Each structure stands twice: as structure tokens, then as C-alpha cells.
>>> print(open('target_14.cif').read())   # mmCIF, C-alpha atoms
data_target
#
loop_
_atom_site.label_atom_id
_atom_site.label_comp_id
_atom_site.auth_asym_id
_atom_site.auth_seq_id
_atom_site.Cartn_x
_atom_site.Cartn_y
_atom_site.Cartn_z
CA MET A 1 0.00 0.00 0.00
CA ARG A 2 2.74 2.38 1.04
CA ASP A 3 4.69 1.50 -2.07
CA PHE A 4 1.64 2.17 -4.21
CA LEU A 5 1.10 5.60 -2.59
CA HIS A 6 4.75 6.48 -3.17
CA HIS A 7 4.35 5.41 -6.79
CA LEU A 8 1.22 7.56 -7.06
CA PHE A 9 2.48 10.74 -5.42
CA LEU A 10 6.28 10.80 -5.40
CA PRO A 11 8.69 10.95 -8.33
CA ARG A 12 10.88 7.85 -8.45
CA GLU A 13 12.24 5.29 -10.86
CA SER A 14 9.07 3.15 -10.94
CA ASN A 15 7.03 6.05 -12.33
CA ASN A 16 9.78 7.43 -14.56
CA HIS A 17 10.54 10.18 -12.01
CA ARG A 18 7.11 11.77 -12.29
CA ALA A 19 4.34 11.02 -9.75
CA ARG A 20 1.90 8.60 -11.37
CA ILE A 21 -1.03 10.93 -10.68
CA LEU A 22 0.57 13.52 -12.98
CA HIS A 23 0.80 11.14 -15.92
CA HIS A 24 -1.53 11.70 -18.89
CA THR A 25 -3.62 8.61 -18.25
CA SER A 26 -4.14 9.54 -14.59
CA LEU A 27 -5.12 13.12 -15.46
CA LEU A 28 -7.59 11.82 -18.03
CA ALA A 29 -8.94 9.30 -15.52
CA VAL A 30 -9.55 12.09 -12.98
CA ILE A 31 -11.41 14.19 -15.59
CA VAL A 32 -13.58 11.20 -16.56
CA LEU A 33 -14.17 10.43 -12.87
CA LEU A 34 -15.40 13.98 -12.34
CA PHE A 35 -17.95 13.61 -15.15
CA VAL A 36 -19.09 10.23 -13.80
CA LEU A 37 -19.50 11.78 -10.33
CA GLU A 38 -21.36 14.71 -11.83
CA PHE A 39 -23.79 12.38 -13.59
CA SER A 40 -24.25 10.24 -10.46
CA PHE A 41 -24.80 13.28 -8.22
CA SER A 42 -27.28 14.73 -10.68
CA PHE A 43 -29.19 11.43 -10.79
CA LEU A 44 -29.17 10.97 -7.01
CA HIS A 45 -30.12 14.61 -6.45
CA GLU A 46 -33.11 14.20 -8.76
CA LYS A 47 -34.26 10.81 -7.50
CA ARG A 48 -33.32 10.99 -3.82
CA GLY A 49 -33.17 14.61 -2.77
CA ASP A 50 -33.49 13.48 0.85
CA ILE A 51 -30.06 11.82 0.59
CA LEU A 52 -28.19 14.22 -1.68
CA GLY A 53 -29.90 17.57 -1.89
CA LEU A 54 -29.58 21.25 -1.17
CA ARG A 55 -29.66 22.05 2.52
CA THR A 56 -31.96 25.05 2.84
CA ASP A 57 -33.02 27.16 5.77
CA ILE A 58 -34.56 30.38 4.50
CA ALA A 59 -37.19 32.22 6.52
CA VAL A 60 -39.03 35.42 5.67
CA THR A 61 -38.68 36.69 9.26
CA GLU A 62 -34.92 36.28 9.01
CA LEU A 63 -34.76 37.91 5.58
CA LEU A 64 -36.73 40.84 6.98
CA SER A 65 -34.66 41.24 10.12
CA LEU A 66 -31.38 40.98 8.18
CA THR A 67 -32.59 43.54 5.63
CA ASN A 68 -33.56 45.93 8.40
CA LYS A 69 -30.28 45.29 10.19
CA LYS A 70 -28.39 46.34 7.07
CA ARG A 71 -30.61 49.41 6.71
CA GLU A 72 -30.09 50.32 10.35
CA GLU A 73 -26.31 49.98 9.95
CA ASN A 74 -26.56 52.50 7.13
CA GLY A 75 -28.69 54.95 9.07
CA LEU A 76 -31.94 54.12 7.31
CA PRO A 77 -35.39 53.48 8.79
CA PRO A 78 -36.62 49.87 8.74
CA VAL A 79 -39.03 48.59 6.09
CA GLN A 80 -42.28 46.93 7.14
CA LEU A 81 -43.37 43.51 5.93
CA ASP A 82 -46.36 44.12 3.67
CA PRO A 83 -48.66 41.15 2.95
CA VAL A 84 -49.75 42.70 -0.36
CA LEU A 85 -46.13 42.97 -1.55
CA SER A 86 -45.51 39.42 -0.33
CA GLU A 87 -48.48 38.31 -2.40
CA ALA A 88 -47.00 40.13 -5.41
CA ALA A 89 -43.65 38.41 -4.79
CA SER A 90 -45.40 35.08 -4.53
CA GLN A 91 -47.26 35.68 -7.80
CA LYS A 92 -44.00 36.65 -9.47
CA ALA A 93 -42.37 33.42 -8.25
CA ALA A 94 -45.33 31.36 -9.49
CA ASP A 95 -45.15 33.11 -12.87
CA MET A 96 -41.41 32.41 -13.15
CA PHE A 97 -41.94 28.71 -12.49
CA ALA A 98 -44.96 28.55 -14.81
CA GLY A 99 -43.15 30.46 -17.59
CA ASN A 100 -39.82 28.73 -16.84
CA TYR A 101 -37.79 31.96 -16.90
CA TRP A 102 -35.12 33.51 -14.69
CA ALA A 103 -35.36 37.24 -15.25
CA HIS A 104 -36.99 40.41 -13.94
CA ASN A 105 -39.19 40.61 -17.02
CA SER A 106 -41.03 37.55 -18.32
CA PRO A 107 -40.45 36.37 -21.93
CA ASN A 108 -43.78 37.97 -22.91
CA GLY A 109 -42.64 41.29 -21.45
CA THR A 110 -44.46 41.25 -18.11
CA THR A 111 -42.59 43.51 -15.69
CA PRO A 112 -42.41 43.05 -11.89
CA TRP A 113 -44.59 46.14 -11.51
CA VAL A 114 -47.53 44.31 -13.06
CA PHE A 115 -47.54 41.82 -10.17
CA ILE A 116 -47.31 44.63 -7.64
CA LYS A 117 -50.16 46.57 -9.21
CA SER A 118 -52.38 43.55 -9.74
CA SER A 119 -51.95 42.58 -6.09
CA GLY A 120 -53.49 45.88 -5.14
CA TYR A 121 -50.36 47.76 -4.07
CA ASP A 122 -50.55 51.23 -5.60
CA TYR A 123 -46.92 52.28 -5.52
CA LEU A 124 -44.93 55.44 -5.83
CA TYR A 125 -41.61 53.56 -5.80
CA ALA A 126 -41.05 49.87 -6.36
CA GLY A 127 -38.11 47.52 -6.73
CA GLU A 128 -37.33 43.84 -7.05
CA ASN A 129 -34.42 41.58 -6.11
CA LEU A 130 -34.23 37.92 -7.13
CA ALA A 131 -32.09 35.08 -5.82
CA ARG A 132 -31.96 31.34 -6.35
CA GLY A 133 -29.97 28.37 -5.10
CA PHE A 134 -28.96 29.83 -1.73
CA SER A 135 -28.95 27.78 1.47
CA THR A 136 -29.53 30.37 4.16
CA SER A 137 -31.22 33.74 4.60
CA SER A 138 -27.91 35.40 5.47
CA ASP A 139 -26.29 34.07 2.26
CA VAL A 140 -29.11 35.67 0.24
CA ILE A 141 -28.84 39.02 2.02
CA ASN A 142 -25.03 39.04 1.85
CA ALA A 143 -25.12 38.30 -1.89
CA TRP A 144 -27.54 41.16 -2.51
CA MET A 145 -25.45 43.49 -0.36
CA GLN A 146 -22.33 42.65 -2.38
CA SER A 147 -23.99 43.55 -5.68
CA PRO A 148 -24.20 47.35 -6.23
CA GLY A 149 -27.62 47.28 -7.93
CA HIS A 150 -29.24 45.00 -5.38
CA ARG A 151 -27.58 46.90 -2.55
CA GLU A 152 -29.09 50.08 -3.90
CA ASN A 153 -32.54 48.52 -3.56
CA MET A 154 -31.81 47.20 -0.06
CA LEU A 155 -30.59 50.58 1.13
CA SER A 156 -32.96 52.88 -0.73
CA PRO A 157 -34.57 55.52 1.50
CA ASN A 158 -37.51 55.57 -0.95
CA TYR A 159 -38.95 52.27 0.27
CA LYS A 160 -41.24 51.83 3.25
CA ASP A 161 -42.59 48.33 2.64
CA ILE A 162 -41.16 44.97 1.70
CA GLY A 163 -42.55 41.61 0.62
CA PHE A 164 -40.92 38.20 0.23
CA ALA A 165 -41.64 34.88 -1.41
CA VAL A 166 -39.49 31.82 -0.75
CA VAL A 167 -40.56 29.10 -3.17
CA PRO A 168 -38.97 25.78 -4.17
CA GLY A 169 -39.47 24.49 -7.70
CA THR A 170 -37.92 23.63 -11.03
CA LEU A 171 -36.62 26.55 -13.02
CA THR A 172 -34.92 26.30 -16.43
CA GLY A 173 -34.47 22.58 -15.86
CA ASP A 174 -32.93 22.80 -12.40
CA GLU A 175 -34.49 22.18 -9.03
CA THR A 176 -33.95 25.35 -7.05
CA MET A 177 -35.04 27.58 -4.19
CA LEU A 178 -36.31 30.90 -5.46
CA VAL A 179 -36.37 34.03 -3.32
CA VAL A 180 -38.29 37.07 -4.56
CA GLU A 181 -37.92 40.33 -2.66
CA MET A 182 -40.15 43.26 -3.54
CA PHE A 183 -39.82 46.77 -2.20
CA GLY A 184 -42.34 49.55 -2.37
CA LYS A 185 -43.71 52.81 -1.14
CA ARG A 186 -47.42 53.44 -1.45
CA ARG A 187 -48.56 56.32 -3.61
CA GLU A 188 -49.79 59.38 -1.83
CA GLY A 189 -51.01 61.35 -4.79
CA ALA A 190 -47.66 61.63 -6.57
CA SER A 191 -46.70 60.50 -10.08
CA ASP A 192 -45.60 57.00 -11.00
CA ILE A 193 -41.91 56.31 -10.66
CA ALA A 194 -40.68 52.78 -10.75
CA ASP A 195 -37.22 52.08 -9.44
CA ALA A 196 -35.52 48.74 -9.55
CA ARG A 197 -32.18 47.09 -10.11
CA GLY A 198 -31.21 47.43 -13.74
CA ASN A 199 -31.94 50.36 -16.02
CA ASP A 200 -34.19 48.33 -18.26
CA LEU A 201 -36.58 47.90 -15.38
CA THR A 202 -37.03 51.57 -14.65
CA GLN A 203 -40.28 52.39 -16.32
CA GLN A 204 -43.78 53.61 -15.72
CA VAL A 205 -46.49 51.04 -15.28
CA PRO A 206 -49.59 51.54 -17.41
CA GLN A 207 -52.69 51.23 -15.28
CA ALA A 208 -54.40 49.02 -17.86
CA GLU A 209 -51.59 46.43 -17.97
CA GLN A 210 -52.79 43.11 -16.65
CA VAL A 211 -51.18 39.75 -16.12
CA ALA A 212 -52.42 36.21 -15.91
CA ILE A 213 -51.64 35.15 -12.36
CA SER A 214 -51.45 31.64 -11.12
CA LYS A 215 -54.24 30.89 -8.69
CA GLN A 216 -51.83 28.82 -6.65
CA SER A 217 -49.37 31.31 -5.25
CA PRO A 218 -49.08 30.42 -1.57
CA LEU A 219 -47.28 32.84 0.73
CA VAL A 220 -44.34 30.89 2.09
CA ALA A 221 -42.95 32.08 5.42
CA SER A 222 -39.96 29.79 5.50
CA PHE A 223 -38.46 26.79 3.82
CA GLN A 224 -36.22 24.16 5.31
CA THR A 225 -34.72 21.02 3.78
CA GLN A 226 -32.23 18.78 5.57
CA PRO A 227 -30.83 16.17 3.17
CA LEU A 228 -28.35 13.63 4.48
CA VAL A 229 -25.59 15.18 2.38
CA ASP A 230 -25.59 18.75 1.11
CA VAL A 231 -24.73 18.66 -2.56
CA LYS A 232 -22.90 22.00 -2.42
CA ASP A 233 -20.63 20.84 0.40
CA ALA A 234 -20.06 17.51 -1.33
CA THR A 235 -19.04 18.91 -4.72
CA LYS A 236 -16.94 21.68 -3.19
CA GLY A 237 -15.22 19.26 -0.81
CA ILE A 238 -14.39 16.73 -3.52
CA SER A 239 -13.07 19.47 -5.83
CA LEU A 240 -10.86 20.99 -3.15
CA VAL A 241 -9.44 17.64 -1.98
CA LEU A 242 -8.63 16.75 -5.58
CA LEU A 243 -6.94 20.06 -6.31
CA PHE A 244 -4.93 20.05 -3.08
CA VAL A 245 -3.68 16.55 -3.94
CA PHE A 246 -2.37 17.87 -7.26
CA PHE A 247 -0.99 21.00 -5.59
CA PHE A 248 1.03 19.08 -2.99
CA THR A 249 2.13 16.42 -5.48
CA LEU A 250 3.60 19.15 -7.68
CA LEU A 251 5.20 20.81 -4.67
CA LEU A 252 6.78 17.50 -3.62
CA ASP A 253 7.97 16.99 -7.18
CA ILE A 254 9.83 20.32 -7.05
CA MET A 255 11.32 19.59 -3.63
CA ILE A 256 12.41 16.03 -4.35
CA LEU A 257 13.93 16.70 -7.76
CA LYS A 258 15.46 20.05 -6.83
CA ASN A 259 19.04 18.85 -6.65
CA LYS A 260 18.78 15.78 -8.83
CA LYS A 261 20.12 16.00 -12.34
CA ILE A 262 17.28 14.13 -14.01
CA VAL A 263 16.18 15.15 -17.49
CA ARG A 264 12.40 14.84 -17.95
CA ILE A 265 10.07 15.95 -20.71
CA VAL A 266 7.27 17.30 -18.54
CA ALA A 267 5.31 20.50 -17.99
CA HIS A 268 6.78 23.18 -15.73
CA ASN A 269 5.59 22.71 -12.17
CA ILE A 270 5.55 26.37 -11.13
CA ASP A 271 3.02 27.55 -13.70
CA THR A 272 0.82 24.54 -13.01
CA ILE A 273 0.99 25.27 -9.28
CA MET A 274 0.02 28.90 -10.00
CA PHE A 275 -2.91 27.77 -12.16
CA ILE A 276 -4.13 25.22 -9.61
CA SER A 277 -3.82 27.79 -6.79
CA VAL A 278 -6.10 30.17 -8.68
CA VAL A 279 -8.61 27.40 -9.39
CA ILE A 280 -8.57 26.45 -5.67
CA THR A 281 -9.23 30.09 -4.71
CA THR A 282 -12.04 30.31 -7.28
CA ILE A 283 -13.72 27.24 -5.78
CA ILE A 284 -13.33 28.55 -2.24
CA LEU A 285 -14.91 31.86 -3.29
CA ILE A 286 -17.83 30.59 -5.32
CA GLY A 287 -20.79 28.42 -4.75
CA LYS A 288 -23.60 30.01 -2.77
CA GLY A 289 -26.28 30.85 -5.30
CA VAL A 290 -27.27 33.22 -8.08
CA ILE A 291 -28.83 36.69 -8.00
CA ILE A 292 -30.26 39.03 -10.59
CA MET B 293 23.67 39.08 -12.40
CA MET B 294 20.57 37.58 -13.93
CA ASN B 295 21.11 35.74 -17.19
CA TYR B 296 18.87 36.01 -20.25
CA LYS B 297 17.16 32.65 -19.66
CA THR B 298 16.29 33.52 -16.05
CA LYS B 299 14.95 36.90 -17.19
CA LEU B 300 12.71 35.16 -19.72
CA HIS B 301 11.41 32.80 -17.04
CA LEU B 302 10.72 35.76 -14.77
CA TRP B 303 8.81 37.62 -17.49
CA TYR B 304 6.85 34.52 -18.28
CA TYR B 305 5.84 33.79 -14.71
CA SER B 306 5.05 37.45 -13.98
CA GLY B 307 2.78 37.61 -17.05
CA LEU B 308 0.98 34.44 -16.05
CA LEU B 309 0.58 35.65 -12.48
CA VAL B 310 -0.87 39.01 -13.57
CA VAL B 311 -3.46 37.37 -15.85
CA LEU B 312 -4.40 34.70 -13.28
CA ILE B 313 -4.81 37.27 -10.50
CA SER B 314 -6.88 39.51 -12.81
CA CYS B 315 -9.15 36.53 -13.52
CA LEU B 316 -9.45 35.93 -9.79
CA VAL B 317 -10.47 39.56 -9.25
CA LEU B 318 -13.12 39.15 -11.96
CA VAL B 319 -14.38 35.98 -10.26
CA PHE B 320 -14.55 37.85 -6.96
CA GLN B 321 -16.63 40.57 -8.60
CA SER B 322 -19.07 38.10 -10.14
CA LEU B 323 -19.45 35.56 -7.36
CA HIS B 324 -23.13 34.94 -8.03
CA ASP B 325 -23.02 34.75 -11.81
CA ILE B 326 -22.34 31.11 -12.58
CA ASN B 327 -22.09 31.57 -16.36
CA LEU B 328 -19.55 34.38 -16.00
CA ILE B 329 -17.43 32.37 -13.55
CA MET B 330 -17.47 29.43 -15.97
CA GLY B 331 -16.47 31.78 -18.82
CA ILE B 332 -13.60 33.24 -16.77
CA THR B 333 -12.41 29.72 -15.89
CA VAL B 334 -12.40 28.66 -19.53
CA PHE B 335 -10.47 31.81 -20.50
CA MET B 336 -8.02 31.26 -17.65
CA SER B 337 -7.41 27.64 -18.67
CA VAL B 338 -6.96 28.48 -22.35
CA PHE B 339 -4.55 31.28 -21.43
CA TYR B 340 -2.58 29.02 -19.08
CA VAL B 341 -2.20 26.33 -21.76
CA SER B 342 -1.26 28.81 -24.53
CA TRP B 343 1.14 30.75 -22.31
CA ALA B 344 2.79 27.54 -21.11
CA ILE B 345 3.27 26.26 -24.65
CA LEU B 346 4.70 29.65 -25.65
CA HIS B 347 7.09 29.44 -22.71
CA HIS B 348 8.35 26.04 -23.86
CA TYR B 349 8.54 27.28 -27.45
CA VAL B 350 10.74 30.22 -26.42
CA HIS B 351 13.03 27.80 -24.62
CA HIS B 352 13.00 25.39 -27.58
CA ASP B 353 11.60 22.45 -25.62
CA VAL B 354 8.05 22.02 -26.90
CA HIS B 355 7.09 18.37 -27.09
CA ALA B 356 3.71 16.78 -27.83
CA LYS B 357 3.88 15.08 -24.42
CA VAL B 358 4.26 18.44 -22.68
CA VAL B 359 1.45 20.04 -24.70
CA ILE B 360 -0.89 17.15 -23.83
CA GLU B 361 -0.01 17.51 -20.14
CA TYR B 362 -0.88 21.22 -20.17
CA VAL B 363 -4.11 20.60 -22.08
CA LEU B 364 -5.12 17.91 -19.57
CA ILE B 365 -4.34 20.17 -16.59
CA GLY B 366 -6.35 22.98 -18.24
CA MET B 367 -9.25 20.58 -18.82
CA LEU B 368 -8.98 19.42 -15.23
CA GLY B 369 -9.32 23.04 -14.04
CA ILE B 370 -12.46 23.55 -16.14
CA SER B 371 -13.93 20.18 -15.10
CA VAL B 372 -13.39 20.84 -11.39
CA VAL B 373 -15.01 24.30 -11.51
CA TYR B 374 -17.91 22.93 -13.57
CA PHE B 375 -18.30 20.05 -11.12
CA THR B 376 -18.51 22.54 -8.25
CA LEU B 377 -21.02 24.76 -10.05
CA PHE B 378 -23.32 22.39 -11.92
CA LEU B 379 -25.84 21.89 -9.12
CA LEU B 380 -25.75 25.41 -7.74
CA LYS B 381 -28.30 26.90 -10.10
#
>>> encode(input="target_14.cif", output="C-alpha cells")
Amino acid sequence: MRDFLHHLFLPRESNNHRARILHHTSLLAVIVLLFVLEFSFSFLHEKRGDILGLRTDIAVTELLSLTNKKREENGLPPVQLDPVLSEAASQKAADMFAGNYWAHNSPNGTTPWVFIKSSGYDYLYAGENLARGFSTSSDVINAWMQSPGHRENMLSPNYKDIGFAVVPGTLTGDETMLVVEMFGKRREGASDIADARGNDLTQQVPQAEQVAISKQSPLVASFQTQPLVDVKDATKGISLVLLFVFFFTLLLDIMILKNKKIVRIVAHNIDTIMFISVVITTIILIGKGVII
Amino acid sequence: MMNYKTKLHLWYYSGLLVVLISCLVLVFQSLHDINLIMGITVFMSVFYVSWAILHHYVHHDVHAKVVIEYVLIGMLGISVVYFTLFLLK
């Protein structure tokens, strides 16, 4: 066993002075293994989400308190949870699942403001933030706070009310957890001004514009799933272990062969170590969800 | 006194480092855009492979075996990032 591990990870005569794991066949085997794992995970995730799924714990109360905490930290008054805006958010989520789209405007051109208006919220200002694939309320809020456009919505002094919808479903072919956040300020006799993330969304809402709304748009207060294994942790963990194995194997290769006069036709270790380090950092940084 | 070959190595590694760090900064600025991260990773891998081959070419030691090794490492980088991202939508 020990001999095999040495053969796999250390340069020596048996592996032609290059760790076996760095040989072409081994590299190809690892790539193929990743695709096999990907297929297996995808299958297991679809069939047995209770074993391998997305661990989710998102609650509207937490989203609200975190939003208000961020506002308070920035010297802004808190926003109030408005059931009408929550209904609008819920309708928007239902429409996204029904129309299978991931955007502020639906493929047929329906804007977020239509849902707000049709819910009965007559707004002076309105805005919308969307998120999907996140595990916790704080991850959602932190992601929005890191994005300038979403942050602008979160910290706008124009808004008084807020509404949320947290809805699981299948969107563009992927099972996901959708979070819709809608902001607003009720009209008090002023003109229509819509304000939202993204310039294309800043527009007036015609009073006559209507939208077909799903009758089933339940207001979800929170959503929790506790699979045996969290798929995000699993994929991230496997990727990092794999990359660190390559990183340290290359490092050992440099150290062991430093003073040996062995001529090898192989790739330079330093640039590969640099590349792998950046890929490792990328994987550490990413992987919480998507916002628009 | 640094010789010409060492200088070339230094230029090569500095260039690679600058591009890789720039890609990392871009990733950091688009943490929640999976498609963009995937695009940056593909660019980074293609650049790494091309730059590495160029480096060997300058030093007159390009071999098919070396090129294949770089291509496989580049593919590994893309595969690992894709594997981490594919269920995060």
C-alpha cells in the first residue's frame, strides 16, 4: 500500500521520475471520474433529494430582520413587511416557475410592476431583487449586499414596505429555491416612478396592464430542507481535496527533484501550481447561489 | 547578475501571475453569476495552456507530451469548476 502511494504521489524510478497521478492517463482518468461523479450526483439529487440535496433554511422573518439590520447599519429606517407585496412576490415566483424563466421581465414582457399593481399595491416607488440556489437567509442578504444594484434597492430611502416569497421548484431545468424580494412605497397622490435594479426595469407602469396570475401562489414564510448530504458541500469538498492533492504532489515533485540532475520531458511545475492555486481560490470563493 | 534565460522565465511567470490574478479579481466581482465564472475559468485555462506552450517554445523544448499535459491540466481546471457549479443553479 505504502509503495503504491509512493508510486502515485512521489517521483521515483518506478514512475519514470514523475508522480503517477501527474501522468496523462491519470489526469484523463480524474477528468472522466469527475464527469461520472457529476452524472451520479445529478441522478441521485433528482431521485433521492433526501439523501443528496440542497440544505436550505430560509425564513421570511430572518430575511426581513437581516434587511432591516443592514438598513439600520446605514442609518436608514426599517421597512415593514407588507402582505400585499408578499403576495405580489409570490405571484412573481409562481409566474417564473410557470413560464420557466429567470429574469426580472417575463419572456412575454411582463414587468415586476404588473404583479405589484395587480396585487393591489398602488406604488410610488417599487423595486425587485431575485435570488436562487442559496442555502440560508444570510447568504441571500449578503449576496444582494455585495452587488451594487441590489444593494441600492436594499438601502434605498424611498422604500417603506417589503414583501418576500421563498418558493422551491424547477426553473430552467434545475431544481432550485427561489427568493423574490419586492420593495415599495405606497402612492400618496404623486406621479408613477418605478425604481428597480437594472436600467431596463425603470419604467412607468400603465394602469391598464394586466397579467395572468397563477391561482396557486401560496405565501411561504420559510423553507427548510435537511438532506443527508448537502450537494454543495459535497461537490466543493471533492473538488478541493482533488486540487490540493495535485498541488502538494507538484510541490513535492519540485522539492524532491530540486538537486537531482534528471532530465524529464514534462510540464513546468511552477506555472501549473500557479494555475491550480487560482482554481482552488475560485472554488473557495464561489458556490452560494445566483442573483439578478 | 541575472542571465537572459532567467529573465525570460521571470517575465513569463510574472505575465501568467498578472493574468491569473486579474481573472481571480473578476471571479470575486461576479461571485453569483455562474455563467460568467465558468467563462472566466475557460479563458483562464486556455490562457494558461497557450502561455505555457509559448514558454516552452521560447526555450525550444516544446514536445507533444508536454502540450498534452498542459491541455489535460487545463481541462482538469475547467472540469473541477464545472463540477462545483453544476448543481448550484
>>> atom_distance(input="target_14.cif", atom1="atom CA of B:Val354", atom2="atom CA of B:Ile370")
23.2 Å
>>> residues_around(input="target_14.cif", residues="stretch 373-375 of chain B", least_positions_apart="2", cutoff="12 Å", atoms="only C-alpha atoms", output="PyMOL selection string")
(chain A and resi 30-42+231-240+242-243+276+278-287) or (chain B and resi 319+326-334+336-337+366-371+377-381)
>>> closest_residue(input="target_14.cif", among="A:Asn16, A:Ser156, A:Asn108, A:Ser147", to="chain B", atoms="only C-alpha atoms")
A:Ser147
>>> residues_around(input="target_14.cif", residues="stretch 71-82 of chain A", least_positions_apart="6", cutoff="8 Å", atoms="only C-alpha atoms", output="list in words")
Leu64, Met154, Leu155, Pro157, Tyr159, Lys160, Asp161, Ile162 and Gly163 of chain A
>>> write_last_selection(input="target_14.cif", atoms="C-alpha atoms", output="tab-separated table (two decimals), in the frame of the given file")
chain	number	residue	atom	x	y	z
A	64	LEU	CA	-36.73	40.84	6.98
A	154	MET	CA	-31.81	47.20	-0.06
A	155	LEU	CA	-30.59	50.58	1.13
A	157	PRO	CA	-34.57	55.52	1.50
A	159	TYR	CA	-38.95	52.27	0.27
A	160	LYS	CA	-41.24	51.83	3.25
A	161	ASP	CA	-42.59	48.33	2.64
A	162	ILE	CA	-41.16	44.97	1.70
A	163	GLY	CA	-42.55	41.61	0.62
>>> closest_residue(input="target_14.cif", among="B:Gly307, B:Cys315, B:His352, B:His324", to="chain A", atoms="all atoms listed in the file")
B:His324
>>> residues_around(input="target_14.cif", residues="A:Val263", least_positions_apart="4", cutoff="12 Å", atoms="only C-alpha atoms", output="ChimeraX atom specification")
/A:16-18,257-259 /B:353
>>> closest_residue(input="target_14.cif", among="A:Leu44, A:Met182, A:Leu5, A:Met145", to="A:Pro83", atoms="all atoms listed in the file")
A:Met182
>>> build_atoms(input="target_14.cif", residues="stretch 301-317 of chain B", atoms="N, CA and C atoms", output="PDB file, in the coordinates of the input")
ATOM      1  N   HIS B 301      12.266  33.550 -17.975  1.00  0.00           N
ATOM      2  CA  HIS B 301      11.410  32.800 -17.040  1.00  0.00           C
ATOM      3  C   HIS B 301      10.614  33.772 -16.170  1.00  0.00           C
ATOM      4  N   LEU B 302      11.327  34.784 -15.690  1.00  0.00           N
ATOM      5  CA  LEU B 302      10.720  35.760 -14.770  1.00  0.00           C
ATOM      6  C   LEU B 302       9.586  36.516 -15.461  1.00  0.00           C
ATOM      7  N   TRP B 303       9.838  36.913 -16.717  1.00  0.00           N
ATOM      8  CA  TRP B 303       8.810  37.620 -17.490  1.00  0.00           C
ATOM      9  C   TRP B 303       7.603  36.726 -17.707  1.00  0.00           C
ATOM     10  N   TYR B 304       7.912  35.472 -18.008  1.00  0.00           N
ATOM     11  CA  TYR B 304       6.850  34.520 -18.280  1.00  0.00           C
ATOM     12  C   TYR B 304       5.973  34.322 -17.039  1.00  0.00           C
ATOM     13  N   TYR B 305       6.617  34.054 -15.921  1.00  0.00           N
ATOM     14  CA  TYR B 305       5.840  33.790 -14.710  1.00  0.00           C
ATOM     15  C   TYR B 305       5.091  35.033 -14.236  1.00  0.00           C
ATOM     16  N   SER B 306       5.725  36.208 -14.384  1.00  0.00           N
ATOM     17  CA  SER B 306       5.050  37.450 -13.980  1.00  0.00           C
ATOM     18  C   SER B 306       3.795  37.660 -14.823  1.00  0.00           C
ATOM     19  N   GLY B 307       3.914  37.447 -16.141  1.00  0.00           N
ATOM     20  CA  GLY B 307       2.780  37.610 -17.050  1.00  0.00           C
ATOM     21  C   GLY B 307       1.633  36.686 -16.679  1.00  0.00           C
ATOM     22  N   LEU B 308       1.993  35.422 -16.423  1.00  0.00           N
ATOM     23  CA  LEU B 308       0.980  34.440 -16.050  1.00  0.00           C
ATOM     24  C   LEU B 308       0.294  34.834 -14.749  1.00  0.00           C
ATOM     25  N   LEU B 309       1.111  35.265 -13.793  1.00  0.00           N
ATOM     26  CA  LEU B 309       0.580  35.650 -12.480  1.00  0.00           C
ATOM     27  C   LEU B 309      -0.393  36.827 -12.593  1.00  0.00           C
ATOM     28  N   VAL B 310      -0.007  37.812 -13.399  1.00  0.00           N
ATOM     29  CA  VAL B 310      -0.870  39.010 -13.570  1.00  0.00           C
ATOM     30  C   VAL B 310      -2.225  38.596 -14.157  1.00  0.00           C
ATOM     31  N   VAL B 311      -2.192  37.775 -15.207  1.00  0.00           N
ATOM     32  CA  VAL B 311      -3.460  37.370 -15.850  1.00  0.00           C
ATOM     33  C   VAL B 311      -4.296  36.514 -14.892  1.00  0.00           C
ATOM     34  N   LEU B 312      -3.649  35.569 -14.195  1.00  0.00           N
ATOM     35  CA  LEU B 312      -4.400  34.700 -13.280  1.00  0.00           C
ATOM     36  C   LEU B 312      -5.025  35.504 -12.138  1.00  0.00           C
ATOM     37  N   ILE B 313      -4.272  36.457 -11.605  1.00  0.00           N
ATOM     38  CA  ILE B 313      -4.810  37.270 -10.500  1.00  0.00           C
ATOM     39  C   ILE B 313      -5.951  38.166 -11.010  1.00  0.00           C
ATOM     40  N   SER B 314      -5.791  38.691 -12.236  1.00  0.00           N
ATOM     41  CA  SER B 314      -6.880  39.510 -12.810  1.00  0.00           C
ATOM     42  C   SER B 314      -8.152  38.669 -12.950  1.00  0.00           C
ATOM     43  N   CYS B 315      -7.984  37.420 -13.382  1.00  0.00           N
ATOM     44  CA  CYS B 315      -9.150  36.530 -13.520  1.00  0.00           C
ATOM     45  C   CYS B 315      -9.793  36.299 -12.154  1.00  0.00           C
ATOM     46  N   LEU B 316      -8.947  36.157 -11.150  1.00  0.00           N
ATOM     47  CA  LEU B 316      -9.450  35.930  -9.790  1.00  0.00           C
ATOM     48  C   LEU B 316     -10.247  37.139  -9.287  1.00  0.00           C
ATOM     49  N   VAL B 317      -9.753  38.325  -9.625  1.00  0.00           N
ATOM     50  CA  VAL B 317     -10.470  39.560  -9.250  1.00  0.00           C
ATOM     51  C   VAL B 317     -11.833  39.591  -9.937  1.00  0.00           C
TER      52      VAL B 317
END
